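Q: mmCIF, C-alpha atoms and all ligand atoms, saved as input_37.cif, coming up:
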```cif
data_entry
loop_
_atom_site.label_atom_id
_atom_site.label_comp_id
_atom_site.auth_asym_id
_atom_site.auth_seq_id
_atom_site.Cartn_x
_atom_site.Cartn_y
_atom_site.Cartn_z
CA MET A 92 -45.77 -43.01 -74.83
CA LYS A 93 -44.09 -42.43 -78.16
CA LYS A 94 -42.61 -45.76 -79.22
CA GLY A 95 -38.93 -45.92 -79.95
CA LYS A 96 -38.01 -42.72 -78.13
CA THR A 97 -37.72 -44.16 -74.70
CA SER A 98 -35.04 -45.99 -72.78
CA LEU A 99 -37.47 -47.19 -70.14
CA ILE A 100 -37.80 -50.74 -68.85
CA ILE A 101 -41.49 -51.65 -68.94
CA ALA A 102 -42.73 -53.33 -65.75
CA THR A 103 -46.40 -53.61 -66.79
CA ASP A 104 -48.13 -52.54 -69.99
CA SER A 105 -51.58 -51.87 -68.70
CA PRO A 106 -51.62 -49.88 -66.62
CA LEU A 107 -48.31 -48.51 -67.85
CA ASN A 108 -45.49 -48.79 -65.33
CA ALA A 109 -41.89 -48.38 -66.38
CA GLU A 110 -38.56 -47.62 -64.74
CA SER A 111 -35.28 -46.06 -65.81
CA PRO A 112 -32.13 -48.05 -66.43
CA LEU A 113 -29.72 -46.69 -63.80
CA SER A 114 -27.23 -45.59 -66.47
CA SER A 115 -29.87 -43.18 -67.82
CA LEU A 116 -29.96 -41.43 -64.43
CA ARG A 117 -26.45 -39.98 -64.78
CA PRO A 118 -27.54 -36.47 -65.85
CA ARG A 119 -28.66 -34.08 -63.15
CA ILE A 120 -32.01 -33.64 -64.89
CA THR A 121 -33.69 -36.78 -66.20
CA PRO A 122 -35.05 -36.38 -69.74
CA VAL A 123 -38.80 -36.97 -70.00
CA SER A 124 -38.13 -39.91 -72.35
CA SER A 125 -36.31 -41.80 -69.59
CA PHE A 126 -38.33 -40.64 -66.59
CA PHE A 127 -40.09 -43.49 -64.76
CA ILE A 128 -43.87 -43.85 -65.06
CA ARG A 129 -46.12 -45.06 -62.28
CA SER A 130 -49.83 -45.34 -62.96
CA HIS A 131 -52.45 -47.34 -61.09
CA PHE A 132 -55.06 -47.12 -63.83
CA ALA A 133 -55.23 -46.46 -67.56
CA ILE A 134 -53.83 -43.09 -68.55
CA PRO A 135 -56.78 -40.73 -69.02
CA ARG A 136 -56.81 -38.80 -72.29
CA VAL A 137 -57.68 -35.32 -71.16
CA LYS A 138 -58.79 -32.66 -73.64
CA LEU A 139 -57.64 -29.20 -72.73
CA SER A 140 -60.82 -27.59 -74.02
CA ASN A 141 -63.01 -29.34 -71.46
CA TRP A 142 -60.48 -29.74 -68.66
CA ARG A 143 -61.44 -28.02 -65.41
CA LEU A 144 -59.93 -27.98 -61.94
CA GLY A 145 -62.57 -27.69 -59.23
CA ILE A 146 -61.70 -26.33 -55.79
CA GLU A 147 -64.31 -27.47 -53.28
CA GLY A 148 -65.12 -28.14 -49.67
CA ASP A 149 -63.99 -25.93 -46.80
CA VAL A 150 -63.30 -22.84 -48.88
CA GLU A 151 -64.90 -19.41 -48.90
CA ARG A 152 -65.86 -19.62 -52.58
CA GLU A 153 -65.99 -22.93 -54.46
CA CYS A 154 -64.33 -22.26 -57.76
CA VAL A 155 -63.51 -23.83 -61.12
CA PHE A 156 -60.20 -23.06 -62.85
CA GLY A 157 -59.57 -23.56 -66.55
CA TYR A 158 -56.11 -24.04 -68.00
CA ALA A 159 -56.01 -20.41 -69.15
CA ASP A 160 -56.80 -19.25 -65.59
CA LEU A 161 -53.75 -21.11 -64.32
CA LEU A 162 -51.58 -19.72 -67.12
CA ARG A 163 -52.44 -16.20 -65.97
CA MET A 164 -51.05 -16.82 -62.48
CA PRO A 165 -47.40 -16.36 -61.43
CA THR A 166 -45.40 -19.55 -61.82
CA ARG A 167 -42.42 -21.08 -60.12
CA THR A 168 -39.87 -23.63 -61.32
CA VAL A 169 -38.47 -26.22 -58.91
CA SER A 170 -36.02 -29.07 -59.44
CA VAL A 171 -37.49 -32.01 -57.63
CA THR A 172 -36.46 -35.63 -57.29
CA LEU A 173 -39.51 -37.86 -57.49
CA GLU A 174 -39.27 -41.42 -56.24
CA CYS A 175 -41.95 -44.07 -56.08
CA ALA A 176 -42.48 -45.41 -52.57
CA GLY A 177 -42.18 -48.91 -54.05
CA ASN A 178 -38.79 -48.21 -55.65
CA GLY A 179 -36.28 -50.95 -54.86
CA ARG A 180 -38.93 -53.43 -53.79
CA SER A 181 -37.17 -56.25 -55.63
CA GLY A 182 -34.46 -55.89 -52.98
CA PHE A 183 -36.73 -57.48 -50.37
CA ARG A 184 -36.21 -61.21 -50.09
CA THR A 185 -39.87 -62.13 -50.36
CA ALA A 186 -42.44 -60.68 -52.76
CA ALA A 187 -45.41 -58.79 -51.30
CA LYS A 188 -48.68 -59.81 -52.90
CA ASP A 189 -50.07 -57.52 -55.65
CA GLU A 190 -47.19 -55.05 -55.46
CA LEU A 191 -44.85 -54.07 -58.29
CA ARG A 192 -41.37 -55.56 -57.98
CA TRP A 193 -39.49 -52.44 -59.00
CA GLY A 194 -35.75 -52.47 -59.47
CA HIS A 195 -34.02 -49.27 -58.34
CA GLY A 196 -34.95 -47.00 -61.24
CA ALA A 197 -38.37 -45.71 -60.17
CA VAL A 198 -36.76 -42.36 -59.41
CA GLY A 199 -35.85 -39.29 -61.42
CA THR A 200 -35.34 -35.54 -61.22
CA ALA A 201 -37.15 -32.97 -63.34
CA ARG A 202 -37.58 -29.22 -63.46
CA TRP A 203 -41.25 -28.68 -62.78
CA THR A 204 -42.95 -25.40 -63.58
CA GLY A 205 -46.36 -24.47 -62.27
CA VAL A 206 -48.55 -22.42 -60.02
CA PRO A 207 -47.97 -22.68 -56.28
CA LEU A 208 -50.90 -24.58 -54.77
CA ARG A 209 -50.98 -21.95 -52.06
CA ALA A 210 -51.78 -19.19 -54.58
CA VAL A 211 -54.78 -21.15 -55.83
CA LEU A 212 -55.97 -21.94 -52.31
CA GLU A 213 -55.55 -18.34 -51.15
CA SER A 214 -57.49 -17.06 -54.12
CA VAL A 215 -60.55 -19.08 -53.07
CA GLY A 216 -60.03 -18.57 -49.32
CA VAL A 217 -59.36 -21.51 -47.01
CA ARG A 218 -61.84 -21.74 -44.14
CA THR A 219 -60.55 -21.94 -40.60
CA GLY A 220 -60.56 -25.53 -39.51
CA ALA A 221 -59.64 -26.98 -42.90
CA SER A 222 -56.67 -29.25 -42.34
CA GLU A 223 -56.31 -31.58 -45.32
CA VAL A 224 -56.29 -31.10 -49.06
CA VAL A 225 -57.69 -34.07 -50.98
CA ALA A 226 -56.40 -34.11 -54.56
CA GLU A 227 -58.16 -36.30 -57.11
CA GLY A 228 -56.97 -37.35 -60.53
CA ALA A 229 -59.05 -38.01 -63.65
CA ASP A 230 -58.03 -41.69 -63.63
CA SER A 231 -60.00 -44.43 -61.93
CA GLY A 232 -60.48 -48.17 -62.02
CA ALA A 233 -61.34 -51.33 -60.18
CA VAL A 234 -59.64 -52.05 -56.88
CA ARG A 235 -59.70 -55.43 -55.18
CA GLY A 236 -62.22 -55.49 -52.34
CA LEU A 237 -64.00 -52.25 -53.20
CA PRO A 238 -67.18 -51.80 -55.24
CA GLY A 239 -67.29 -49.73 -58.44
CA GLU A 240 -64.65 -47.46 -59.87
CA VAL A 241 -62.16 -45.98 -57.47
CA PRO A 242 -60.52 -42.67 -58.46
CA TYR A 243 -56.88 -42.02 -57.71
CA SER A 244 -56.96 -39.58 -54.82
CA ARG A 245 -54.72 -38.73 -52.00
CA SER A 246 -54.80 -36.21 -49.18
CA LEU A 247 -52.08 -33.82 -48.16
CA PRO A 248 -51.86 -31.95 -44.84
CA LEU A 249 -52.68 -28.27 -45.37
CA GLU A 250 -49.29 -27.26 -44.00
CA LYS A 251 -47.44 -29.17 -46.73
CA ALA A 252 -49.92 -27.94 -49.35
CA MET A 253 -49.12 -24.34 -48.40
CA GLN A 254 -45.34 -24.65 -48.75
CA ASP A 255 -43.83 -22.42 -51.44
CA ASP A 256 -42.52 -25.32 -53.51
CA THR A 257 -45.68 -27.42 -53.58
CA ILE A 258 -47.01 -26.63 -57.04
CA ILE A 259 -49.65 -27.47 -59.58
CA ALA A 260 -47.19 -28.29 -62.34
CA LEU A 261 -48.02 -27.62 -65.98
CA ARG A 262 -44.55 -28.18 -67.43
CA MET A 263 -41.81 -30.75 -67.00
CA ASN A 264 -38.28 -29.84 -68.17
CA GLY A 265 -39.71 -26.86 -70.01
CA GLN A 266 -42.30 -28.78 -72.04
CA ARG A 267 -46.00 -29.27 -71.45
CA LEU A 268 -46.60 -32.35 -69.33
CA SER A 269 -46.84 -35.51 -71.39
CA PRO A 270 -49.95 -37.72 -71.06
CA GLU A 271 -47.99 -40.24 -68.96
CA HIS A 272 -46.80 -37.64 -66.48
CA GLY A 273 -50.15 -36.03 -65.77
CA TYR A 274 -51.19 -33.76 -68.63
CA PRO A 275 -52.49 -31.13 -68.34
CA ALA A 276 -51.80 -30.51 -64.64
CA ARG A 277 -50.41 -32.44 -61.69
CA LEU A 278 -49.28 -31.80 -58.17
CA VAL A 279 -45.59 -31.85 -57.36
CA VAL A 280 -45.01 -32.32 -53.64
CA PRO A 281 -41.27 -31.93 -53.07
CA GLY A 282 -39.56 -34.22 -50.60
CA TRP A 283 -42.43 -36.69 -50.46
CA TYR A 284 -42.71 -40.02 -52.19
CA GLY A 285 -44.36 -39.85 -55.60
CA MET A 286 -47.85 -40.96 -54.53
CA ALA A 287 -48.50 -37.44 -53.20
CA SER A 288 -47.84 -35.84 -56.58
CA VAL A 289 -51.29 -36.52 -58.03
CA LYS A 290 -51.37 -36.55 -61.83
CA TRP A 291 -54.25 -35.53 -64.15
CA LEU A 292 -55.51 -33.29 -61.39
CA ARG A 293 -59.26 -32.75 -61.49
CA THR A 294 -60.51 -31.68 -58.08
CA ILE A 295 -59.02 -30.33 -54.91
CA ARG A 296 -61.25 -30.64 -51.85
CA LEU A 297 -60.50 -29.06 -48.51
CA VAL A 298 -61.66 -31.02 -45.52
CA SER A 299 -61.34 -30.67 -41.79
CA GLY A 300 -60.15 -33.47 -39.62
CA SER A 301 -59.23 -36.84 -40.93
CA PRO A 302 -60.30 -37.08 -44.58
CA ARG A 303 -63.04 -39.39 -45.76
CA GLN A 304 -62.11 -42.82 -46.96
CA VAL A 305 -59.33 -42.20 -49.47
CA PHE A 306 -58.02 -45.51 -50.76
CA PHE A 307 -54.52 -44.30 -51.58
CA ASN A 308 -54.22 -42.89 -48.06
CA THR A 309 -55.50 -45.65 -45.91
CA VAL A 310 -55.12 -48.94 -47.74
CA LYS A 311 -52.08 -48.26 -49.90
CA TYR A 312 -49.07 -46.08 -49.11
CA VAL A 313 -49.00 -46.86 -45.43
CA TYR A 314 -46.16 -48.55 -43.59
CA VAL A 315 -47.83 -51.58 -42.02
CA GLU A 316 -45.77 -53.22 -39.30
CA THR A 317 -46.73 -56.01 -36.98
CA GLU A 318 -45.01 -56.37 -33.66
CA GLN A 319 -46.11 -58.99 -31.14
CA GLY A 320 -49.42 -59.37 -32.95
CA LYS A 321 -50.13 -55.63 -32.90
CA GLU A 322 -50.42 -53.82 -36.19
CA THR A 323 -49.24 -50.23 -36.57
CA ARG A 324 -49.97 -48.12 -39.63
CA THR A 325 -47.98 -44.98 -40.48
CA PRO A 326 -48.59 -42.91 -43.60
CA VAL A 327 -45.83 -42.91 -46.22
CA ARG A 328 -44.55 -39.34 -46.60
CA GLU A 329 -40.95 -38.06 -46.84
CA LEU A 330 -38.36 -39.77 -48.99
CA ARG A 331 -36.04 -41.86 -46.86
CA VAL A 332 -32.34 -41.26 -47.46
CA ASN A 333 -31.34 -43.31 -50.49
CA SER A 334 -28.83 -43.66 -53.31
CA ILE A 335 -28.17 -45.38 -56.61
CA ILE A 336 -24.99 -46.35 -58.43
CA THR A 337 -25.14 -45.10 -62.02
CA ASN A 338 -21.69 -46.34 -63.05
CA PRO A 339 -20.54 -49.10 -63.38
CA ALA A 340 -23.67 -50.98 -64.38
CA ASP A 341 -24.83 -54.03 -62.47
CA GLY A 342 -23.36 -57.11 -64.13
CA GLY A 343 -20.78 -55.07 -66.04
CA SER A 344 -17.10 -55.81 -66.59
CA ILE A 345 -14.23 -53.49 -65.78
CA GLU A 346 -10.52 -53.78 -66.36
CA ALA A 347 -8.02 -54.39 -63.58
CA GLY A 348 -5.38 -51.66 -63.35
CA ARG A 349 -7.53 -49.10 -65.12
CA THR A 350 -9.21 -46.21 -63.33
CA VAL A 351 -12.97 -46.03 -63.51
CA ARG A 352 -15.10 -43.26 -62.13
CA VAL A 353 -17.72 -44.78 -59.86
CA THR A 354 -20.72 -42.43 -59.87
CA GLY A 355 -24.19 -42.24 -58.48
CA ARG A 356 -26.89 -40.08 -56.98
CA ALA A 357 -28.21 -39.63 -53.47
CA TRP A 358 -31.23 -37.90 -51.98
CA SER A 359 -33.37 -37.56 -48.86
CA GLY A 360 -36.69 -35.83 -48.28
CA GLN A 361 -35.85 -35.26 -44.64
CA ALA A 362 -32.70 -33.14 -44.92
CA ALA A 363 -29.88 -32.39 -47.35
CA VAL A 364 -27.50 -35.25 -48.15
CA SER A 365 -24.31 -34.61 -46.19
CA ARG A 366 -22.20 -37.63 -47.05
CA VAL A 367 -21.96 -40.59 -49.39
CA GLU A 368 -19.60 -43.48 -48.71
CA VAL A 369 -18.62 -46.23 -51.09
CA ASP A 370 -17.22 -49.65 -50.40
CA LEU A 371 -14.98 -50.79 -53.23
CA GLY A 372 -13.78 -53.89 -51.45
CA SER A 373 -11.81 -52.31 -48.63
CA GLY A 374 -14.38 -50.69 -46.35
CA TRP A 375 -16.41 -47.47 -46.43
CA ARG A 376 -14.64 -44.46 -47.96
CA ASN A 377 -16.05 -40.99 -48.55
CA ALA A 378 -17.08 -40.15 -52.09
CA GLU A 379 -16.95 -36.63 -53.45
CA LEU A 380 -20.25 -34.78 -53.70
CA SER A 381 -20.72 -32.63 -56.78
CA PRO A 382 -22.01 -30.03 -57.09
CA LYS A 383 -21.89 -29.35 -53.37
CA ARG A 384 -25.01 -27.19 -53.32
CA VAL A 385 -28.15 -28.09 -55.21
CA GLY A 386 -31.84 -27.32 -54.75
CA ARG A 387 -33.33 -28.41 -51.46
CA PHE A 388 -35.36 -31.21 -53.05
CA GLU A 389 -32.95 -32.33 -55.72
CA TRP A 390 -30.60 -35.30 -55.63
CA VAL A 391 -26.82 -34.82 -55.50
CA GLU A 392 -24.23 -36.51 -57.65
CA TRP A 393 -21.38 -38.38 -55.98
CA ARG A 394 -18.25 -39.94 -57.42
CA LYS A 395 -15.11 -41.83 -56.52
CA ASP A 396 -12.25 -42.85 -58.78
CA TRP A 397 -11.29 -46.47 -58.44
CA THR A 398 -8.45 -48.55 -59.85
CA PRO A 399 -9.31 -52.18 -59.17
CA LYS A 400 -6.28 -54.41 -58.74
CA ARG A 401 -7.54 -57.94 -58.25
CA THR A 402 -9.61 -59.72 -60.86
CA GLY A 403 -12.82 -61.58 -60.09
CA GLU A 404 -16.46 -60.96 -59.23
CA MET A 405 -17.22 -58.43 -56.55
CA THR A 406 -19.96 -56.24 -55.13
CA ILE A 407 -19.52 -52.52 -54.73
CA ALA A 408 -21.80 -50.58 -52.44
CA ALA A 409 -22.83 -47.01 -51.65
CA ARG A 410 -24.64 -45.47 -48.72
CA ALA A 411 -25.81 -41.93 -48.09
CA THR A 412 -26.27 -39.96 -44.89
CA ASP A 413 -28.33 -36.79 -44.49
CA GLU A 414 -27.90 -33.78 -42.23
CA LYS A 415 -30.35 -35.21 -39.72
CA GLY A 416 -28.12 -38.25 -39.36
CA ASN A 417 -30.36 -40.65 -41.29
CA VAL A 418 -28.20 -43.35 -42.90
CA GLN A 419 -29.10 -46.07 -45.37
CA PRO A 420 -29.28 -49.36 -43.49
CA LEU A 421 -27.35 -52.46 -44.54
CA GLU A 422 -30.55 -54.51 -44.60
CA PRO A 423 -33.96 -53.28 -45.81
CA TRP A 424 -36.47 -52.18 -43.22
CA GLU A 425 -39.33 -54.65 -43.38
CA ASN A 426 -42.93 -53.46 -43.69
CA LYS A 427 -45.85 -55.40 -45.07
CA LEU A 428 -46.42 -53.55 -48.34
CA GLN A 429 -42.68 -52.99 -48.82
CA TYR A 430 -42.51 -49.23 -49.16
CA GLY A 431 -39.52 -47.01 -48.55
CA TYR A 432 -36.78 -49.49 -49.45
CA ASN A 433 -33.49 -47.73 -48.82
CA ALA A 434 -30.88 -50.34 -47.99
CA VAL A 435 -27.35 -49.54 -49.26
CA ALA A 436 -27.06 -49.51 -53.06
CA LYS A 437 -25.13 -52.41 -54.59
CA VAL A 438 -23.93 -53.52 -57.98
CA ARG A 439 -22.09 -56.71 -58.96
CA VAL A 440 -19.14 -56.22 -61.29
CA ARG A 441 -16.53 -58.49 -62.79
CA VAL A 442 -12.95 -57.22 -62.76
CA VAL A 443 -11.09 -58.73 -65.72
N1 LIG B 1 -53.79 -39.58 -60.77
C1 LIG B 1 -52.72 -40.31 -60.44
N2 LIG B 1 -51.67 -39.69 -59.89
C2 LIG B 1 -50.57 -40.38 -59.55
C3 LIG B 1 -50.52 -41.79 -59.70
C4 LIG B 1 -51.64 -42.43 -60.30
O1 LIG B 1 -51.67 -43.64 -60.52
N3 LIG B 1 -52.73 -41.66 -60.65
N4 LIG B 1 -49.40 -42.48 -59.29
C5 LIG B 1 -48.61 -41.83 -58.23
C6 LIG B 1 -47.38 -42.49 -57.93
S1 LIG B 1 -47.49 -43.85 -56.94
C7 LIG B 1 -46.16 -42.00 -58.33
S2 LIG B 1 -44.72 -42.72 -57.84
C8 LIG B 1 -46.07 -40.81 -59.21
C9 LIG B 1 -45.28 -41.12 -60.46
O2 LIG B 1 -45.18 -40.01 -61.30
P1 LIG B 1 -44.65 -40.20 -62.78
O3 LIG B 1 -45.43 -41.28 -63.43
O4 LIG B 1 -44.80 -38.88 -63.45
O5 LIG B 1 -43.19 -40.59 -62.67
O6 LIG B 1 -47.35 -40.34 -59.61
C10 LIG B 1 -48.33 -40.38 -58.58
N5 LIG B 1 -49.52 -39.71 -59.03
MO MO B 2 -45.38 -44.50 -56.32
#
```
For this file, write the structure as structure tokens.
Ligand SMILES: Nc1nc2c(c(=O)[nH]1)N[C@H]1C(S)=C(S)[C@@H](COP(=O)(O)O)O[C@H]1N2
Ligand SMILES: [Mo]
A:
Amino acid sequence: MKKGKTSLIIATDSPLNAESPLSSLRPRITPVSSFFIRSHFAIPRVKLSNWRLGIEGDVERECVFGYADLLRMPTRTVSVTLECAGNGRSGFRTAAKDELRWGHGAVGTARWTGVPLRAVLESVGVRTGASEVVAEGADSGAVRGLPGEVPYSRSLPLEKAMQDDTIIALRMNGQRLSPEHGYPARLVVPGWYGMASVKWLRTIRLVSGSPRQVFFNTVKYVYVETEQGKETRTPVRELRVNSIITNPADGGSIEAGRTVRVTGRAWSGQAAVSRVEVDLGSGWRNAELSPKRVGRFEWVEWRKDWTPKRTGEMTIAARATDEKGNVQPLEPWENKLQYGYNAVAKVRVRVV
């Protein structure tokens, strides 16, 4: 990352993990310099001249694509909100072992340009019976409890891989991907938590049935719940309905008798956001959504003008609802590894 050009809050230096201050998430499109970074291992330095993308497994013709091959294919640009499944984890009362305690800024929206994954898969021919696409990145490292170097890899059901908007992205906000965000090529899987959008893409393997041991599928990024001694494990997939407050800032001061515009963003991977309510001290009130129509996988902006009357410390809150009726809960939904935090958004402010 270029020093001095970023407004990110560093969570860990190596590997590099950093989140956005919520005030930097006011624009519809998040600039690359303030877009959160989530990496499990050191960022691989990939040279374009020897970069190859191998397509293997249950395909008619195993094939190797160079960067120039991808550039020759038709591209598509999609605005997609990416959120880390661990976003908001600091909102849980207890800390899960070995997991990043993100605030609420491991989310952002970019315009991603690339080649639909389907076009690549169709060009090599998917064999009947193939059901999962295992994407592997060029990064790897040690993982507790496993021998040797473990690559970052993750499988995606073929159906999701074949959707029009699932792309092998080469550009982010019109520029070539930066090293932190997956240069030279990454997956962008709209509507799913970030772990599916594999960076520094190196191989794509088609498999039938349940994929082979893939660490980031089976050990991490699963909702682990224990009820009456019985453990259930569900894969982490779609973004749960969620929101952030981008103004005022947490811990900020505002003046009594003066109107402030309370703003934020809301998203859901399951359906379009249909409503955002805010509680400014007198119960839930509808906020205005603007613009009303945005891309299917892009967050919406919401706002509500507020003229606080009484002075003192207070908490303001926001909660979003989507068209399927999913609503942010008042309390976080507990699961062992603390993924998918989506309790109502809150900031503390002092009215002076
Ligand atoms: N190869 C690789 N891809 C990866 C990761 C990684 O560590 N290695 N992290 C994933 C996770 S958990 C998230 S949230 C997103 C973050 O993308 P960003 O760093 O561009 O914001 O990348 C995903 N893709
Ligand atoms: Mo993530």
Q: What does the distance from atom CA of A:Gly157 to atom CA of A:Ala221 come to in Å, to one decimal?
A: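 Distance between the two atoms: 23.9 Å.
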Q: As a quick test: using only C-alpha atoms and all ligand atoms, which residues lie no more than 6 Å away from ligand MO 2 (chain B)? Give them as a list in words.
A: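 With only C-alpha atoms and all ligand atoms and a cut-off of 6 Å, ligand MO 2 (chain B) is contacted by Cys175, Ala176, Gly177, Gly285 and Met286 of chain A.
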Q: With distances taken over only C-alpha atoms and all ligand atoms, which residue among A:Lys311, A:Arg143, A:Arg218, A:Lys427 lies nearest ligand LIG 1 (chain B)?
A: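 Checking each candidate against ligand LIG 1 (chain B), we get A:Lys311 as the closest.
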Q: Using only C-alpha atoms and all ligand atoms, what are the residues with an atom within 7 Å of ligand LIG 1 (chain B), set out as a VMD selection string?
A: chain A and resid 126 to 132 173 to 176 227 to 230 243 to 244 271 to 273 284 to 292
Q: Rounded to one decimal in Å, what is the spacing between atom CA of A:Val171 and atom CA of A:Glu213?
A: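 About the pair atom CA of A:Val171 and atom CA of A:Glu213: they are 23.6 Å apart.
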Q: Please return as a PyMOL selection string every residue within 12 Å of (-13.2, -39.8, -58.3), taking into account all atoms listed in the file and the file's own coordinates.
A: chain A and resi 338+350-355+369+376-381+392-398
Q: Measuring between all atoms listed in the file, which one of A:Leu428, A:Ile101, A:Leu212, A:Leu297 shows the shortest distance to A:Val313?
A: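 Counting all atoms listed in the file, the residue closest to A:Val313 is A:Leu428.
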Q: So, with only C-alpha atoms as the atoms that count, which of A:Gly199, A:Gly148, A:Gly374, A:Pro122 lies closest to A:Ala409?
A: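 When distances to A:Ala409 are compared using only C-alpha atoms, the smallest one comes from A:Gly374.
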Q: Identify which of the residues A:Gly431, A:Gly194, A:Pro399, A:Gly416 lies closest to A:Val443, counting only C-alpha atoms when measuring atom-to-atom distances.
A: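 The shortest atom-to-atom distance to A:Val443 comes from A:Pro399.
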Q: Measuring atom to atom with only C-alpha atoms, identify which of A:His195, A:Leu113, A:Asp255, A:Val385 is nearest to A:Asn433.
A: A:His195
Q: From the block I gave, I'd like stretch 217-223 of chain A written with all heavy atoms, as a PDB file, in the first residue's frame.
A:
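Generated file (decode.pdb):
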```
ATOM      1  N   VAL A 217     -17.749 -27.145 -19.449  1.00  0.00           N
ATOM      2  CA  VAL A 217     -17.937 -27.756 -18.125  1.00  0.00           C
ATOM      3  C   VAL A 217     -18.547 -29.138 -18.318  1.00  0.00           C
ATOM      4  O   VAL A 217     -19.525 -29.290 -19.037  1.00  0.00           O
ATOM      5  CB  VAL A 217     -18.877 -26.874 -17.255  1.00  0.00           C
ATOM      6  CG1 VAL A 217     -19.181 -27.544 -15.920  1.00  0.00           C
ATOM      7  CG2 VAL A 217     -18.265 -25.490 -17.036  1.00  0.00           C
ATOM      8  N   ARG A 218     -17.940 -30.144 -17.713  1.00  0.00           N
ATOM      9  CA  ARG A 218     -18.481 -31.500 -17.841  1.00  0.00           C
ATOM     10  C   ARG A 218     -19.750 -31.666 -17.014  1.00  0.00           C
ATOM     11  O   ARG A 218     -19.863 -31.087 -15.930  1.00  0.00           O
ATOM     12  CB  ARG A 218     -17.463 -32.517 -17.330  1.00  0.00           C
ATOM     13  CG  ARG A 218     -16.360 -32.733 -18.297  1.00  0.00           C
ATOM     14  CD  ARG A 218     -15.841 -34.168 -18.171  1.00  0.00           C
ATOM     15  NE  ARG A 218     -14.517 -34.223 -18.751  1.00  0.00           N
ATOM     16  CZ  ARG A 218     -13.437 -34.693 -18.123  1.00  0.00           C
ATOM     17  NH1 ARG A 218     -13.550 -35.186 -16.900  1.00  0.00           N
ATOM     18  NH2 ARG A 218     -12.276 -34.691 -18.723  1.00  0.00           N
ATOM     19  N   THR A 219     -20.643 -32.500 -17.516  1.00  0.00           N
ATOM     20  CA  THR A 219     -21.855 -32.799 -16.751  1.00  0.00           C
ATOM     21  C   THR A 219     -21.420 -33.430 -15.436  1.00  0.00           C
ATOM     22  O   THR A 219     -20.493 -34.229 -15.406  1.00  0.00           O
ATOM     23  CB  THR A 219     -22.740 -33.831 -17.501  1.00  0.00           C
ATOM     24  OG1 THR A 219     -22.206 -34.036 -18.791  1.00  0.00           O
ATOM     25  CG2 THR A 219     -24.179 -33.446 -17.514  1.00  0.00           C
ATOM     26  N   GLY A 220     -22.073 -33.032 -14.396  1.00  0.00           N
ATOM     27  CA  GLY A 220     -21.713 -33.597 -13.089  1.00  0.00           C
ATOM     28  C   GLY A 220     -20.876 -32.643 -12.258  1.00  0.00           C
ATOM     29  O   GLY A 220     -20.886 -32.718 -11.042  1.00  0.00           O
ATOM     30  N   ALA A 221     -20.167 -31.735 -12.914  1.00  0.00           N
ATOM     31  CA  ALA A 221     -19.387 -30.752 -12.145  1.00  0.00           C
ATOM     32  C   ALA A 221     -20.357 -29.888 -11.364  1.00  0.00           C
ATOM     33  O   ALA A 221     -21.377 -29.450 -11.893  1.00  0.00           O
ATOM     34  CB  ALA A 221     -18.543 -29.893 -13.079  1.00  0.00           C
ATOM     35  N   SER A 222     -20.070 -29.650 -10.089  1.00  0.00           N
ATOM     36  CA  SER A 222     -21.030 -28.888  -9.292  1.00  0.00           C
ATOM     37  C   SER A 222     -20.400 -27.774  -8.475  1.00  0.00           C
ATOM     38  O   SER A 222     -21.097 -26.905  -7.979  1.00  0.00           O
ATOM     39  CB  SER A 222     -21.783 -29.834  -8.356  1.00  0.00           C
ATOM     40  OG  SER A 222     -20.861 -30.467  -7.491  1.00  0.00           O
ATOM     41  N   GLU A 223     -19.088 -27.786  -8.337  1.00  0.00           N
ATOM     42  CA  GLU A 223     -18.425 -26.757  -7.532  1.00  0.00           C
ATOM     43  C   GLU A 223     -17.206 -26.235  -8.270  1.00  0.00           C
ATOM     44  O   GLU A 223     -16.518 -26.980  -8.973  1.00  0.00           O
ATOM     45  CB  GLU A 223     -17.948 -27.350  -6.191  1.00  0.00           C
ATOM     46  CG  GLU A 223     -19.054 -27.774  -5.251  1.00  0.00           C
ATOM     47  CD  GLU A 223     -19.549 -26.659  -4.338  1.00  0.00           C
ATOM     48  OE1 GLU A 223     -18.787 -25.719  -4.048  1.00  0.00           O
ATOM     49  OE2 GLU A 223     -20.723 -26.733  -3.930  1.00  0.00           O
TER      50      GLU A 223
END
```
